[in-house]
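Here's the structure we're looking at; comments come further down.
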Amino acid sequence: MKFERYGIGIAKGLTVTMRNLLRRRITTQYPEQRLTVSRRTRGNELVWSKEKCTGCATCARTCPQGVIHIVTSPGEENRYNVEVFEVDTGYCISCGLCVEACPYDALFMGYAFELAKYRRGELVLSRDDMLIENKQASAYFHPENAEALPKQELLIDRKE
Amino acid sequence: MIVPNITVDALRHFAPVSPDWPGNEWWHWLVFTVILIVFILVMVIIFIWLERRIIAWFAARIGPNRTGPFGIFQNIAAALKLLLKEGINPTNADIIIFWLAPIVAFAPVIIVLAVVPFQNGALLADLNIGILFVVAISSISTIGIFMAGWSSSNKYSMLGAMRMIAAVVSYEIPVVLALAGVVLLAGSLSLNDIVIAQERVPFIVLQPLGFLLLFVGGCAEINRSPFDLMEADSELVAGFHTEYSGIKWAMFFLGEFGEMVVMSTLIATLFLGGWQGPALPPWLWLLIKIFIVDFVMIWTRATLPRVRIDQLMALAWKFMFPLALVNLIITAIQVLAWPDALPLYVIPINWAITIILVLLGSKLFKVGWGRVEV
């Protein structure tokens with residue numbers, strides 16, 4: 001005998017929605033309330049270490065979008081001088097392949113994600129915009145960065 | 001203080017007031033017309049806000065909370081937006097009917113409230129045919145909706161309007177039969193007398209089956225989910241108001257939520273004891289009961305999925321119609337057996353009858369001779 005057919009099913013459904021009514025609201029009101037993003041987030045920017053970079057341009061070759069523009073000249077100690085290093089983040093798909101490809105661990109994904117701009121030109125990051133001294137690198141492909149970052153805040157862990 | 005008295009007397013002399021107007025004062029209709037129009041507009045705004053907030057709570061969301069404190073001005077902003085929007089007329093529309101339809105759909109909603117008492121005798125017209133008036137007038141808005149569907153020259157509008165007609169014609173019967181049970185118990189068609197008759201115990205206790213039938217049938221008549229087939233977004237774009245925009249669409253929306261206010265008010269008046277209640281002022285009791293009914297309506301909307309059209313018709317004709325008939329007969333027998341007042345031990349008997357009838361009806365309920373899954 002299926003009791004669901006005798007109005008019990010409707011009553012069950014009503015209790016389910018009522019439990020939802022009494023539950024904590026799941027919505028996060030974004031500009032005022034923020035959740036901490038994952039430590040391994042791939043923010044829409046690149047972070048670049050000038051010291052480690054040899055100017056090999058592997059990142060530029062790997063980029064599927066071709067948004068990394070790098071111009072080098074011969075330098076001393078088996079390195080190139082990086083003269084121009086530009087990333088058009090407007091076309092970047094945040095795939096992280098450039099970071100994975102870098103043989104000298106000189107490139108990182110950024111941790112910031114609120115990077116909307118009013119002009120297209122402002123989306124192009126120049127060499128000095130990406131310096132690791134000014135930016136926070138995410139732990140994507142570089143777990144050693146994770147310690148410096150706050151722990152991710154999950155909705156299921158949120159108490160209030 | 002002398003002058004107004006002279007005016008009142010003079011006007012009473014020139015315009016004899018109807019005996020239906022309580023107090024027999026000439027200004028009675030003016031005051032109550034203004035009160036009713038303000039009441040329905042304010043209640044619609046509150047109902048839309050409540051609907052959005054409570055539906056959001058049922059989905060563990062927050063709902064509109066930006067415009068004003070708790071988002072209460074959200075609907076006023078939406079209404080302003082709708083007033084400023086362009087009204088688009090389809091090329092092939094029957095333009096007179098197209099423009100007339102929102103008015104025909106909305107006007108009856110206000111008129112119905114004329115017979116609803118907010119206190120003992122505090123109503124626009126204490127008609128001795130109160131419930132008949134309610135049933136007759138509230139059916140007019142269906143014509144408005146069919147006018148909208150017909151004149152839009154759009155297949156979705158037409159389908160939605162035809163579903164509306166089918167649903168209202170079908171559900172009118174169990175609803176009216178459920179109302180007849182209340183009339184038998186109260187011994188009067190006037191809503192004021194029905195509320196007075198509930199002084200001892202509200203009719204929901206005496207007539208649980210009638211309440212159930214009126215609630216479900218009422219939800220179906222005013223296009224509430226889960227019976228909102230007439231504007232099923234996933235099938236019919238928006239049903240009868242597909243082609244409407246701007247202020248005309250707002251009128252339909254107003255009418256839809258106005259019907260919800262009216263249905264909540266009627267259920268509160270007929271089954272929950274209307275303005276009766278201890279301690280608080282009577283109008284406040286009526287408002288509280290209206291909001292309780294509204295909350296249950298929103299609750300069912302948040303819970304139940306939309307039914308199919310065959311399920312909709314089968315529920316009306318194979319489930320609610322027989323139950324309503326049986327309910328009416330049982331009520332008639334009880335009223336004949338105890339002509340003065342029903343004894344209180346009838347209450348458990350009626351509840352047992354309700355449970356047995358609902359179980360039996362569910363057992364026998366089939367769609368498509370049992371070939372189709374219910």
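Each chain in the structure tokens gets a letter, A, B, ..., in the order shown, and its residues are numbered from 1; ligands are numbered from 1 in order too.
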Spatial neighbours of segment 195-212 of chain B, max dist 7 Å, only C-alpha atoms, sep filter under 2 positions, as a ChimeraX atom specification: /B:178,186,191-193,214-216,269-274,276,327,347,350-351,354
Expected answer as a PyMOL selection string: chain A residues within 12 Å of chain B, only C-alpha atoms: chain A and resi 1-29
Residue neighbourhood segment 122-132 of chain B, 7 Å, only C-alpha atoms, exclusion window fewer than 4 positions, as a list in words: Asp20, Trp21, Pro22, Trp29, Phe32, Ala114, Val115, Val116, Pro117, Phe118, Ala136, Leu189, Ser190, Leu191 and Asn192 of chain B
Residue selection dump (C-alpha atoms) as a PDB file, in the first residue's frame:
```pdb
ATOM      1  CA  ASP B  20     -28.680  47.275   2.764  1.00  0.00           C
ATOM      2  CA  TRP B  21     -26.349  49.999   3.983  1.00  0.00           C
ATOM      3  CA  PRO B  22     -25.658  49.557   7.657  1.00  0.00           C
ATOM      4  CA  TRP B  29     -20.905  54.066   0.445  1.00  0.00           C
ATOM      5  CA  PHE B  32     -16.374  52.260   2.347  1.00  0.00           C
ATOM      6  CA  ALA B 114     -18.188  44.983  -0.859  1.00  0.00           C
ATOM      7  CA  VAL B 115     -19.906  42.216   1.092  1.00  0.00           C
ATOM      8  CA  VAL B 116     -16.994  41.234   3.345  1.00  0.00           C
ATOM      9  CA  PRO B 117     -17.470  42.465   6.927  1.00  0.00           C
ATOM     10  CA  PHE B 118     -14.483  43.948   8.745  1.00  0.00           C
ATOM     11  CA  ALA B 136     -21.384  35.682  -9.485  1.00  0.00           C
ATOM     12  CA  LEU B 189     -26.246  33.900   2.644  1.00  0.00           C
ATOM     13  CA  SER B 190     -25.106  37.192   4.165  1.00  0.00           C
ATOM     14  CA  LEU B 191     -21.441  37.125   5.077  1.00  0.00           C
ATOM     15  CA  ASN B 192     -22.066  39.204   8.176  1.00  0.00           C
TER      16      ASN B 192
END
```
Backbone DSSP call of helix (DSSP H, G or I) for segment 116-166 of chain B, listed as JSON, numbers by chain: {"B": [130, 131, 132, 133, 134, 135, 136, 137, 138, 140, 141, 142, 143, 144, 145, 146, 147, 148, 149, 150, 151, 155, 156, 157, 158, 159, 160, 161, 162, 163, 164, 165, 166]}
Separation of atom CA of Asp310 of chain B from atom CA of Arg52 of chain B, in Å and rounded to one decimal: 29.2 Å
Distance query Pro143 of chain A at most 10 Å, only C-alpha atoms, self and fewer than 5 positions along chain excluded, as a VMD selection string: chain A and resid 39 to 40 138
Selection near Cys98 of chain A, 10 Å with only C-alpha atoms, sequence-local residues under 6 positions removed, as a list of chain:residue names: A:Leu46, A:Ala57, A:Thr58, A:Cys59, A:Ala60, A:Arg61, A:Thr62, A:Cys63, A:Pro64, A:Ile68, A:Leu107, A:Phe108, A:Met109
Go ahead and write the selection's residues with C-alpha atoms as a PDB file, in the first residue's frame.
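Result file follows (again06.pdb):
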```
ATOM      1  CA  LEU A  46      49.384  36.726 -13.544  1.00  0.00           C
ATOM      2  CA  ALA A  57      59.116  32.668 -23.423  1.00  0.00           C
ATOM      3  CA  THR A  58      57.744  29.185 -22.763  1.00  0.00           C
ATOM      4  CA  CYS A  59      54.683  30.842 -21.238  1.00  0.00           C
ATOM      5  CA  ALA A  60      54.022  32.777 -24.418  1.00  0.00           C
ATOM      6  CA  ARG A  61      54.261  29.608 -26.513  1.00  0.00           C
ATOM      7  CA  THR A  62      51.968  27.637 -24.208  1.00  0.00           C
ATOM      8  CA  CYS A  63      49.227  30.232 -23.980  1.00  0.00           C
ATOM      9  CA  PRO A  64      46.266  28.886 -26.005  1.00  0.00           C
ATOM     10  CA  ILE A  68      51.264  36.858 -23.571  1.00  0.00           C
ATOM     11  CA  LEU A 107      55.006  32.715 -13.047  1.00  0.00           C
ATOM     12  CA  PHE A 108      51.993  32.313 -10.735  1.00  0.00           C
ATOM     13  CA  MET A 109      48.257  32.761 -11.003  1.00  0.00           C
TER      14      MET A 109
END
```
Nearest to Val71 of chain A by atom-to-atom distance, counting only C-alpha atoms, from A:Asn134, A:Ser38, A:Thr54, A:Gln152: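 Among the listed residues, A:Thr54 lies closest to Val71 of chain A.
When the distance limit is 12 Å and only C-alpha atoms are what count, the residues near Thr41 of chain A, minus those fewer than 5 positions from it on the same chain, are Thr36, Leu46, Ser94, Cys95, Gly96, Phe108, Met109, Gly110, Tyr111, Ala112, Phe113, Gln136, Ala137, Ser138, Ala139, Tyr140, Phe141, His142, Pro143, Asn145, Ala146, Leu149, Pro150, Lys151 and Gln152 of chain A.
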Using C-alpha atoms, can you write the selected residues to a file as a short mmCIF file (atom, residue, chain, number, x, y, z; two decimals), in the first residue's frame?
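Done, and the output landed in result_19.cif:
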```cif
data_model
loop_
_atom_site.label_atom_id
_atom_site.label_comp_id
_atom_site.auth_asym_id
_atom_site.auth_seq_id
_atom_site.Cartn_x
_atom_site.Cartn_y
_atom_site.Cartn_z
CA THR A 36 37.09 33.61 1.26
CA LEU A 46 49.38 36.73 -13.54
CA SER A 94 42.56 31.58 -16.65
CA CYS A 95 43.57 28.11 -17.75
CA GLY A 96 46.86 28.27 -15.88
CA PHE A 108 51.99 32.31 -10.73
CA MET A 109 48.26 32.76 -11.00
CA GLY A 110 46.96 35.75 -9.06
CA TYR A 111 44.78 35.43 -5.96
CA ALA A 112 42.68 38.56 -6.64
CA PHE A 113 39.45 38.18 -8.58
CA GLN A 136 49.48 38.01 -3.96
CA ALA A 137 50.14 34.78 -5.79
CA SER A 138 47.66 31.94 -5.46
CA ALA A 139 48.64 28.40 -4.55
CA TYR A 140 47.61 27.07 -7.94
CA PHE A 141 50.34 24.64 -9.10
CA HIS A 142 52.51 26.07 -6.31
CA PRO A 143 51.37 24.50 -3.00
CA ASN A 145 52.19 29.50 -1.44
CA ALA A 146 49.23 27.99 0.40
CA LEU A 149 46.78 32.43 2.26
CA PRO A 150 43.63 32.30 4.45
CA LYS A 151 41.67 29.09 4.55
CA GLN A 152 38.74 28.80 2.17
#
```
Straight-line distance linking atom CA of Met251 of chain B with atom CA of Ile88 of chain B, stated in Å to one decimal: 14.5 Å
Backbone DSSP call of strand (DSSP E) for chain A, listed as a ChimeraX atom specification: /A:43-48,68-74,80-88,107-110,124-125
Selection: 10 Å around Ser170 of chain B, only C-alpha atoms, excl. self and same-chain fewer than 4 positions, as a PyMOL selection string: chain B and resi 164-166+174-175+217+220-221+312-317+320-321
Dump C-alpha atoms for the selected residues as a compact mmCIF listing (two decimals), in the first residue's frame?
```txt
# COMPACT_ATOMS: atom_id res chain seq x y z
CA MET B 164 -8.51 29.21 -17.57
CA ILE B 165 -12.13 28.80 -18.66
CA ALA B 166 -11.93 25.02 -18.30
CA PRO B 174 -16.97 22.01 -5.82
CA VAL B 175 -16.30 25.51 -4.51
CA GLY B 217 -10.70 24.92 -5.51
CA ALA B 220 -7.28 26.56 -8.81
CA GLU B 221 -9.68 29.38 -9.60
CA LEU B 312 -6.35 19.27 -13.12
CA MET B 313 -9.66 18.29 -14.69
CA ALA B 314 -9.69 14.83 -13.10
CA LEU B 315 -9.11 16.32 -9.65
CA ALA B 316 -12.09 18.63 -10.08
CA TRP B 317 -14.56 16.12 -11.53
CA MET B 320 -13.58 17.15 -5.47
CA PHE B 321 -17.04 17.06 -7.06
```
Atom CA of Cys219 of chain B to atom CA of Ala250 of chain B, distance in Å rounded to a single decimal: 20.8 Å
